[in-house]
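Text of protein29.pdb (PDB, N, CA and C atoms) as supplied:
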```pdb
ATOM      1  N   MET A  18      76.506  35.055  29.270  1.00  0.00           N
ATOM      2  CA  MET A  18      77.638  34.183  29.210  1.00  0.00           C
ATOM      3  C   MET A  18      78.630  34.795  28.227  1.00  0.00           C
ATOM      4  N   SER A  19      79.870  34.888  28.625  1.00  0.00           N
ATOM      5  CA  SER A  19      80.879  35.524  27.787  1.00  0.00           C
ATOM      6  C   SER A  19      81.292  34.609  26.639  1.00  0.00           C
ATOM      7  N   LYS A  20      81.863  35.217  25.609  1.00  0.00           N
ATOM      8  CA  LYS A  20      82.343  34.435  24.469  1.00  0.00           C
ATOM      9  C   LYS A  20      83.457  33.487  24.897  1.00  0.00           C
ATOM     10  N   ALA A  21      84.279  33.916  25.866  1.00  0.00           N
ATOM     11  CA  ALA A  21      85.364  33.060  26.353  1.00  0.00           C
ATOM     12  C   ALA A  21      84.804  31.793  26.994  1.00  0.00           C
ATOM     13  N   THR A  22      83.745  31.941  27.795  1.00  0.00           N
ATOM     14  CA  THR A  22      83.129  30.784  28.433  1.00  0.00           C
ATOM     15  C   THR A  22      82.514  29.869  27.385  1.00  0.00           C
ATOM     16  N   LEU A  23      81.791  30.446  26.429  1.00  0.00           N
ATOM     17  CA  LEU A  23      81.198  29.643  25.366  1.00  0.00           C
ATOM     18  C   LEU A  23      82.270  28.967  24.518  1.00  0.00           C
ATOM     19  N   ALA A  24      83.399  29.634  24.312  1.00  0.00           N
ATOM     20  CA  ALA A  24      84.494  29.037  23.553  1.00  0.00           C
ATOM     21  C   ALA A  24      85.058  27.831  24.296  1.00  0.00           C
ATOM     22  N   ARG A  25      85.184  27.940  25.641  1.00  0.00           N
ATOM     23  CA  ARG A  25      85.661  26.802  26.435  1.00  0.00           C
ATOM     24  C   ARG A  25      84.718  25.621  26.298  1.00  0.00           C
ATOM     25  N   LEU A  26      83.437  25.910  26.178  1.00  0.00           N
ATOM     26  CA  LEU A  26      82.442  24.860  26.053  1.00  0.00           C
ATOM     27  C   LEU A  26      82.337  24.332  24.626  1.00  0.00           C
ATOM     28  N   GLY A  27      83.012  24.970  23.690  1.00  0.00           N
ATOM     29  CA  GLY A  27      82.967  24.524  22.312  1.00  0.00           C
ATOM     30  C   GLY A  27      81.783  25.073  21.547  1.00  0.00           C
ATOM     31  N   ALA A  28      81.047  26.010  22.153  1.00  0.00           N
ATOM     32  CA  ALA A  28      79.874  26.568  21.495  1.00  0.00           C
ATOM     33  C   ALA A  28      80.257  27.653  20.502  1.00  0.00           C
ATOM     34  N   VAL A  29      81.394  28.277  20.691  1.00  0.00           N
ATOM     35  CA  VAL A  29      81.888  29.285  19.765  1.00  0.00           C
ATOM     36  C   VAL A  29      83.130  28.701  19.108  1.00  0.00           C
ATOM     37  N   SER A  30      83.141  28.740  17.839  1.00  0.00           N
ATOM     38  CA  SER A  30      84.220  28.122  17.081  1.00  0.00           C
ATOM     39  C   SER A  30      85.458  29.007  17.068  1.00  0.00           C
ATOM     40  N   THR A  31      86.596  28.441  17.425  1.00  0.00           N
ATOM     41  CA  THR A  31      87.878  29.121  17.331  1.00  0.00           C
ATOM     42  C   THR A  31      88.866  28.156  16.704  1.00  0.00           C
ATOM     43  N   GLU A  32      89.989  28.652  16.265  1.00  0.00           N
ATOM     44  CA  GLU A  32      91.001  27.786  15.665  1.00  0.00           C
ATOM     45  C   GLU A  32      91.434  26.707  16.644  1.00  0.00           C
ATOM     46  N   GLN A  33      91.655  27.091  17.890  1.00  0.00           N
ATOM     47  CA  GLN A  33      92.097  26.123  18.887  1.00  0.00           C
ATOM     48  C   GLN A  33      91.017  25.072  19.132  1.00  0.00           C
ATOM     49  N   ASN A  34      89.746  25.497  19.236  1.00  0.00           N
ATOM     50  CA  ASN A  34      88.665  24.545  19.476  1.00  0.00           C
ATOM     51  C   ASN A  34      88.509  23.568  18.317  1.00  0.00           C
ATOM     52  N   ARG A  35      88.716  24.037  17.103  1.00  0.00           N
ATOM     53  CA  ARG A  35      88.614  23.147  15.950  1.00  0.00           C
ATOM     54  C   ARG A  35      89.717  22.106  15.979  1.00  0.00           C
ATOM     55  N   ALA A  36      90.891  22.493  16.476  1.00  0.00           N
ATOM     56  CA  ALA A  36      92.034  21.587  16.505  1.00  0.00           C
ATOM     57  C   ALA A  36      91.918  20.558  17.628  1.00  0.00           C
ATOM     58  N   GLU A  37      91.250  20.927  18.724  1.00  0.00           N
ATOM     59  CA  GLU A  37      91.120  20.019  19.862  1.00  0.00           C
ATOM     60  C   GLU A  37      89.953  19.064  19.648  1.00  0.00           C
ATOM     61  N   ARG A  38      90.122  17.872  20.144  1.00  0.00           N
ATOM     62  CA  ARG A  38      89.034  16.905  20.091  1.00  0.00           C
ATOM     63  C   ARG A  38      88.136  17.124  21.297  1.00  0.00           C
ATOM     64  N   ARG A  39      86.845  17.230  21.069  1.00  0.00           N
ATOM     65  CA  ARG A  39      85.890  17.495  22.138  1.00  0.00           C
ATOM     66  C   ARG A  39      85.607  16.218  22.928  1.00  0.00           C
ATOM     67  N   ARG A  40      85.641  16.338  24.245  1.00  0.00           N
ATOM     68  CA  ARG A  40      85.314  15.211  25.114  1.00  0.00           C
ATOM     69  C   ARG A  40      83.808  15.039  25.183  1.00  0.00           C
ATOM     70  N   ILE A  41      83.372  13.847  25.520  1.00  0.00           N
ATOM     71  CA  ILE A  41      81.947  13.543  25.601  1.00  0.00           C
ATOM     72  C   ILE A  41      81.378  13.927  26.958  1.00  0.00           C
ATOM     73  N   ARG A  42      82.122  13.671  28.030  1.00  0.00           N
ATOM     74  CA  ARG A  42      81.621  13.978  29.367  1.00  0.00           C
ATOM     75  C   ARG A  42      82.747  14.442  30.276  1.00  0.00           C
ATOM     76  N   TYR A  43      82.336  15.106  31.358  1.00  0.00           N
ATOM     77  CA  TYR A  43      83.277  15.710  32.294  1.00  0.00           C
ATOM     78  C   TYR A  43      82.866  15.387  33.719  1.00  0.00           C
ATOM     79  N   GLY A  44      83.854  15.271  34.599  1.00  0.00           N
ATOM     80  CA  GLY A  44      83.584  15.117  36.028  1.00  0.00           C
ATOM     81  C   GLY A  44      83.030  16.413  36.593  1.00  0.00           C
ATOM     82  N   LYS A  45      82.584  16.345  37.837  1.00  0.00           N
ATOM     83  CA  LYS A  45      81.933  17.507  38.456  1.00  0.00           C
ATOM     84  C   LYS A  45      82.855  18.724  38.509  1.00  0.00           C
ATOM     85  N   GLY A  46      84.088  18.551  38.904  1.00  0.00           N
ATOM     86  CA  GLY A  46      85.016  19.676  39.002  1.00  0.00           C
ATOM     87  C   GLY A  46      85.282  20.327  37.658  1.00  0.00           C
ATOM     88  N   GLU A  47      85.500  19.500  36.635  1.00  0.00           N
ATOM     89  CA  GLU A  47      85.751  20.031  35.295  1.00  0.00           C
ATOM     90  C   GLU A  47      84.518  20.737  34.739  1.00  0.00           C
ATOM     91  N   ALA A  48      83.358  20.131  34.956  1.00  0.00           N
ATOM     92  CA  ALA A  48      82.117  20.726  34.463  1.00  0.00           C
ATOM     93  C   ALA A  48      81.864  22.082  35.129  1.00  0.00           C
ATOM     94  N   ALA A  49      82.087  22.152  36.433  1.00  0.00           N
ATOM     95  CA  ALA A  49      81.897  23.415  37.150  1.00  0.00           C
ATOM     96  C   ALA A  49      82.865  24.473  36.630  1.00  0.00           C
ATOM     97  N   GLN A  50      84.098  24.078  36.397  1.00  0.00           N
ATOM     98  CA  GLN A  50      85.091  25.017  35.881  1.00  0.00           C
ATOM     99  C   GLN A  50      84.688  25.521  34.496  1.00  0.00           C
ATOM    100  N   MET A  51      84.176  24.636  33.656  1.00  0.00           N
ATOM    101  CA  MET A  51      83.760  25.051  32.319  1.00  0.00           C
ATOM    102  C   MET A  51      82.616  26.050  32.353  1.00  0.00           C
ATOM    103  N   LEU A  52      81.749  25.924  33.356  1.00  0.00           N
ATOM    104  CA  LEU A  52      80.628  26.855  33.497  1.00  0.00           C
ATOM    105  C   LEU A  52      80.980  28.073  34.346  1.00  0.00           C
ATOM    106  N   SER A  53      82.201  28.113  34.846  1.00  0.00           N
ATOM    107  CA  SER A  53      82.672  29.208  35.709  1.00  0.00           C
ATOM    108  C   SER A  53      81.828  29.340  36.975  1.00  0.00           C
ATOM    109  N   ILE A  54      81.497  28.178  37.565  1.00  0.00           N
ATOM    110  CA  ILE A  54      80.758  28.148  38.823  1.00  0.00           C
ATOM    111  C   ILE A  54      81.469  27.173  39.758  1.00  0.00           C
ATOM    112  N   SER A  55      81.067  27.162  41.018  1.00  0.00           N
ATOM    113  CA  SER A  55      81.674  26.239  41.978  1.00  0.00           C
ATOM    114  C   SER A  55      81.034  24.853  41.838  1.00  0.00           C
ATOM    115  N   PRO A  56      81.752  23.810  42.259  1.00  0.00           N
ATOM    116  CA  PRO A  56      81.149  22.472  42.244  1.00  0.00           C
ATOM    117  C   PRO A  56      79.862  22.400  43.064  1.00  0.00           C
ATOM    118  N   ARG A  57      79.795  23.142  44.158  1.00  0.00           N
ATOM    119  CA  ARG A  57      78.568  23.150  44.979  1.00  0.00           C
ATOM    120  C   ARG A  57      77.398  23.772  44.207  1.00  0.00           C
ATOM    121  N   GLN A  58      77.671  24.853  43.462  1.00  0.00           N
ATOM    122  CA  GLN A  58      76.613  25.456  42.643  1.00  0.00           C
ATOM    123  C   GLN A  58      76.133  24.456  41.592  1.00  0.00           C
ATOM    124  N   LEU A  59      77.049  23.701  41.021  1.00  0.00           N
ATOM    125  CA  LEU A  59      76.682  22.688  40.039  1.00  0.00           C
ATOM    126  C   LEU A  59      75.812  21.610  40.687  1.00  0.00           C
ATOM    127  N   ASP A  60      76.153  21.210  41.919  1.00  0.00           N
ATOM    128  CA  ASP A  60      75.319  20.247  42.655  1.00  0.00           C
ATOM    129  C   ASP A  60      73.907  20.781  42.843  1.00  0.00           C
ATOM    130  N   ARG A  61      73.788  22.045  43.203  1.00  0.00           N
ATOM    131  CA  ARG A  61      72.465  22.649  43.390  1.00  0.00           C
ATOM    132  C   ARG A  61      71.660  22.647  42.096  1.00  0.00           C
ATOM    133  N   LEU A  62      72.320  22.977  40.979  1.00  0.00           N
ATOM    134  CA  LEU A  62      71.641  22.963  39.681  1.00  0.00           C
ATOM    135  C   LEU A  62      71.159  21.547  39.361  1.00  0.00           C
ATOM    136  N   ARG A  63      71.976  20.556  39.656  1.00  0.00           N
ATOM    137  CA  ARG A  63      71.611  19.157  39.408  1.00  0.00           C
ATOM    138  C   ARG A  63      70.445  18.734  40.295  1.00  0.00           C
ATOM    139  N   GLU A  64      70.481  19.134  41.559  1.00  0.00           N
ATOM    140  CA  GLU A  64      69.403  18.789  42.495  1.00  0.00           C
ATOM    141  C   GLU A  64      68.073  19.405  42.070  1.00  0.00           C
ATOM    142  N   ARG A  65      68.125  20.622  41.498  1.00  0.00           N
ATOM    143  CA  ARG A  65      66.905  21.314  41.028  1.00  0.00           C
ATOM    144  C   ARG A  65      66.431  20.797  39.677  1.00  0.00           C
ATOM    145  N   GLY A  66      67.262  20.012  38.995  1.00  0.00           N
ATOM    146  CA  GLY A  66      66.897  19.517  37.676  1.00  0.00           C
ATOM    147  C   GLY A  66      67.209  20.495  36.562  1.00  0.00           C
ATOM    148  N   ALA A  67      67.986  21.540  36.872  1.00  0.00           N
ATOM    149  CA  ALA A  67      68.343  22.537  35.866  1.00  0.00           C
ATOM    150  C   ALA A  67      69.407  22.018  34.906  1.00  0.00           C
ATOM    151  N   ILE A  68      70.160  21.018  35.344  1.00  0.00           N
ATOM    152  CA  ILE A  68      71.180  20.391  34.501  1.00  0.00           C
ATOM    153  C   ILE A  68      71.177  18.897  34.820  1.00  0.00           C
ATOM    154  N   ILE A  69      71.306  18.084  33.792  1.00  0.00           N
ATOM    155  CA  ILE A  69      71.205  16.637  33.952  1.00  0.00           C
ATOM    156  C   ILE A  69      72.597  16.018  34.038  1.00  0.00           C
ATOM    157  N   ALA A  70      72.753  15.127  34.999  1.00  0.00           N
ATOM    158  CA  ALA A  70      74.022  14.419  35.190  1.00  0.00           C
ATOM    159  C   ALA A  70      73.806  12.933  34.930  1.00  0.00           C
ATOM    160  N   ARG A  71      74.896  12.232  34.742  1.00  0.00           N
ATOM    161  CA  ARG A  71      74.864  10.775  34.592  1.00  0.00           C
ATOM    162  C   ARG A  71      75.751  10.181  35.682  1.00  0.00           C
ATOM    163  N   ILE A  72      75.331   9.053  36.200  1.00  0.00           N
ATOM    164  CA  ILE A  72      76.093   8.358  37.231  1.00  0.00           C
ATOM    165  C   ILE A  72      76.720   7.115  36.587  1.00  0.00           C
ATOM    166  N   ASP A  73      78.017   6.962  36.767  1.00  0.00           N
ATOM    167  CA  ASP A  73      78.722   5.794  36.232  1.00  0.00           C
ATOM    168  C   ASP A  73      79.726   5.341  37.276  1.00  0.00           C
ATOM    169  N   GLY A  74      79.535   4.149  37.779  1.00  0.00           N
ATOM    170  CA  GLY A  74      80.439   3.623  38.796  1.00  0.00           C
ATOM    171  C   GLY A  74      80.446   4.453  40.066  1.00  0.00           C
ATOM    172  N   GLY A  75      79.323   5.061  40.387  1.00  0.00           N
ATOM    173  CA  GLY A  75      79.221   5.881  41.585  1.00  0.00           C
ATOM    174  C   GLY A  75      79.733   7.304  41.421  1.00  0.00           C
ATOM    175  N   ARG A  76      80.285   7.633  40.249  1.00  0.00           N
ATOM    176  CA  ARG A  76      80.779   8.994  39.984  1.00  0.00           C
ATOM    177  C   ARG A  76      79.764   9.759  39.154  1.00  0.00           C
ATOM    178  N   VAL A  77      79.741  11.072  39.347  1.00  0.00           N
ATOM    179  CA  VAL A  77      78.816  11.949  38.630  1.00  0.00           C
ATOM    180  C   VAL A  77      79.541  12.549  37.437  1.00  0.00           C
ATOM    181  N   PHE A  78      78.908  12.473  36.268  1.00  0.00           N
ATOM    182  CA  PHE A  78      79.448  13.038  35.038  1.00  0.00           C
ATOM    183  C   PHE A  78      78.411  13.914  34.361  1.00  0.00           C
ATOM    184  N   PHE A  79      78.893  14.889  33.595  1.00  0.00           N
ATOM    185  CA  PHE A  79      78.032  15.790  32.849  1.00  0.00           C
ATOM    186  C   PHE A  79      78.420  15.728  31.379  1.00  0.00           C
ATOM    187  N   ASP A  80      77.428  15.504  30.513  1.00  0.00           N
ATOM    188  CA  ASP A  80      77.686  15.450  29.075  1.00  0.00           C
ATOM    189  C   ASP A  80      78.040  16.831  28.547  1.00  0.00           C
ATOM    190  N   HIS A  81      78.940  16.848  27.586  1.00  0.00           N
ATOM    191  CA  HIS A  81      79.366  18.103  26.961  1.00  0.00           C
ATOM    192  C   HIS A  81      78.165  18.883  26.430  1.00  0.00           C
ATOM    193  N   ASP A  82      77.292  18.209  25.699  1.00  0.00           N
ATOM    194  CA  ASP A  82      76.135  18.885  25.111  1.00  0.00           C
ATOM    195  C   ASP A  82      75.200  19.458  26.174  1.00  0.00           C
ATOM    196  N   GLU A  83      75.100  18.794  27.316  1.00  0.00           N
ATOM    197  CA  GLU A  83      74.265  19.304  28.415  1.00  0.00           C
ATOM    198  C   GLU A  83      74.857  20.599  28.981  1.00  0.00           C
ATOM    199  N   LEU A  84      76.184  20.660  29.101  1.00  0.00           N
ATOM    200  CA  LEU A  84      76.842  21.872  29.595  1.00  0.00           C
ATOM    201  C   LEU A  84      76.633  23.031  28.629  1.00  0.00           C
ATOM    202  N   VAL A  85      76.776  22.760  27.332  1.00  0.00           N
ATOM    203  CA  VAL A  85      76.578  23.804  26.323  1.00  0.00           C
ATOM    204  C   VAL A  85      75.126  24.281  26.344  1.00  0.00           C
ATOM    205  N   SER A  86      74.197  23.345  26.410  1.00  0.00           N
ATOM    206  CA  SER A  86      72.779  23.689  26.436  1.00  0.00           C
ATOM    207  C   SER A  86      72.444  24.572  27.643  1.00  0.00           C
ATOM    208  N   TYR A  87      72.953  24.201  28.815  1.00  0.00           N
ATOM    209  CA  TYR A  87      72.705  25.005  30.011  1.00  0.00           C
ATOM    210  C   TYR A  87      73.304  26.409  29.859  1.00  0.00           C
ATOM    211  N   ALA A  88      74.541  26.480  29.383  1.00  0.00           N
ATOM    212  CA  ALA A  88      75.208  27.783  29.223  1.00  0.00           C
ATOM    213  C   ALA A  88      74.426  28.680  28.275  1.00  0.00           C
ATOM    214  N   LYS A  89      73.949  28.124  27.186  1.00  0.00           N
ATOM    215  CA  LYS A  89      73.207  28.921  26.204  1.00  0.00           C
ATOM    216  C   LYS A  89      71.825  29.332  26.714  1.00  0.00           C
ATOM    217  N   SER A  90      71.291  28.592  27.675  1.00  0.00           N
ATOM    218  CA  SER A  90      69.966  28.908  28.202  1.00  0.00           C
ATOM    219  C   SER A  90      69.971  30.061  29.197  1.00  0.00           C
ATOM    220  N   GLN A  91      71.171  30.440  29.655  1.00  0.00           N
ATOM    221  CA  GLN A  91      71.278  31.518  30.633  1.00  0.00           C
ATOM    222  C   GLN A  91      71.193  32.879  29.944  1.00  0.00           C
ATOM    223  N   PRO A  92      70.577  33.852  30.612  1.00  0.00           N
ATOM    224  CA  PRO A  92      70.443  35.174  29.990  1.00  0.00           C
ATOM    225  C   PRO A  92      71.802  35.824  29.761  1.00  0.00           C
ATOM    226  N   ALA A  93      71.917  36.490  28.651  1.00  0.00           N
ATOM    227  CA  ALA A  93      73.140  37.208  28.314  1.00  0.00           C
ATOM    228  C   ALA A  93      73.066  38.635  28.847  1.00  0.00           C
ATOM    229  N   GLU A  94      74.178  39.139  29.283  1.00  0.00           N
ATOM    230  CA  GLU A  94      74.240  40.522  29.758  1.00  0.00           C
ATOM    231  C   GLU A  94      74.247  41.444  28.552  1.00  0.00           C
ATOM    232  N   VAL A  95      73.352  42.414  28.569  1.00  0.00           N
ATOM    233  CA  VAL A  95      73.269  43.375  27.471  1.00  0.00           C
ATOM    234  C   VAL A  95      73.948  44.655  27.911  1.00  0.00           C
ATOM    235  N   ALA A  96      74.931  45.080  27.150  1.00  0.00           N
ATOM    236  CA  ALA A  96      75.702  46.277  27.511  1.00  0.00           C
ATOM    237  C   ALA A  96      75.000  47.547  27.085  1.00  0.00           C
TER
END
```
Output the file's structure as structure tokens, nothing else.
Amino acid sequence: MSKATLARLGAVSTEQNRAERRRIRYGKGEAAQMLSISPRQLDRLRERGAIIARIDGGRVFFDHDELVSYAKSQPAEVA
């Protein structure tokens, strides 16, 4: 996972991230964008239990901490 992706998730501290208020949860499209994957790939991860979602009013949401945890659990590319 690149530093840019981790920075978007708030896992890497930057001046901009410190200034922005972190959201608690994200819709499926936003969560997929933060992980740099398609919404369908995110659905597959949820169906497999690789990432946990919450249902509220019939809509699917992903907690910020769950997205960060999943991103950090993925293997890093070693150059």
Exercise for review: Evaluate the PyMOL selection byres (((chain A and resi 46 and name CA) around 12) and name CA) here and jot the selected residues down as a PyMOL selection string.
Suggested key: chain A and resi 42-45+47-60+76-79
Once 5 Å is added on each side, what are the centre and the three edge lengths, in Å to one decimal, of the axis-aligned box enclosing the listed atoms of range 59-63 of chain A? Present them as lines of an AutoDock Vina configuration file.
```
center_x = 73.7
center_y = 21.2
center_z = 41.4
size_x = 16.6
size_y = 15.0
size_z = 14.0
```
Check your understanding: In Å, with one decimal, what is the gap from CA of Arg40 in chain A to CA of His81 in chain A?
Key ->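 One can read the CA of Arg40 in chain A to CA of His81 in chain A distance as 6.9 Å.
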Review point. Expressed in Å to a single decimal, how great is the separation between CA of Arg65 in chain A and atom N of Arg39 in chain A?
Key: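 Distance between the two atoms: 28.5 Å.
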Apply DSSP to the structure's backbone, then extract all residues of range 33-90 of chain A labelled strand (DSSP E) and return them as a CSV table (one decimal) with N, CA and C atoms, in the frame of the given file.
```csv
chain,number,residue,atom,x,y,z
A,42,ARG,N,82.1,13.7,28.0
A,42,ARG,CA,81.6,14.0,29.4
A,42,ARG,C,82.7,14.4,30.3
A,43,TYR,N,82.3,15.1,31.4
A,43,TYR,CA,83.3,15.7,32.3
A,43,TYR,C,82.9,15.4,33.7
A,44,GLY,N,83.9,15.3,34.6
A,44,GLY,CA,83.6,15.1,36.0
A,44,GLY,C,83.0,16.4,36.6
A,71,ARG,N,74.9,12.2,34.7
A,71,ARG,CA,74.9,10.8,34.6
A,71,ARG,C,75.8,10.2,35.7
A,72,ILE,N,75.3,9.1,36.2
A,72,ILE,CA,76.1,8.4,37.2
A,72,ILE,C,76.7,7.1,36.6
A,73,ASP,N,78.0,7.0,36.8
A,73,ASP,CA,78.7,5.8,36.2
A,73,ASP,C,79.7,5.3,37.3
A,76,ARG,N,80.3,7.6,40.2
A,76,ARG,CA,80.8,9.0,40.0
A,76,ARG,C,79.8,9.8,39.2
A,77,VAL,N,79.7,11.1,39.3
A,77,VAL,CA,78.8,11.9,38.6
A,77,VAL,C,79.5,12.5,37.4
A,78,PHE,N,78.9,12.5,36.3
A,78,PHE,CA,79.4,13.0,35.0
A,78,PHE,C,78.4,13.9,34.4
A,79,PHE,N,78.9,14.9,33.6
A,79,PHE,CA,78.0,15.8,32.8
A,79,PHE,C,78.4,15.7,31.4
A,80,ASP,N,77.4,15.5,30.5
A,80,ASP,CA,77.7,15.4,29.1
A,80,ASP,C,78.0,16.8,28.5
```
Exercise for review: Would you mind listing what lies within 12 Å of Ala67 in chain A as a list in words, with only C-alpha atoms counted and same-chain residues fewer than 5 positions away left out?
Suggested key: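 Here the qualifying residues turn out to be Gln58, Leu59, Asp60, Arg61, Leu62, Glu83, Leu84, Ser86, Tyr87, Ala88, Ser90 and Gln91 of chain A.
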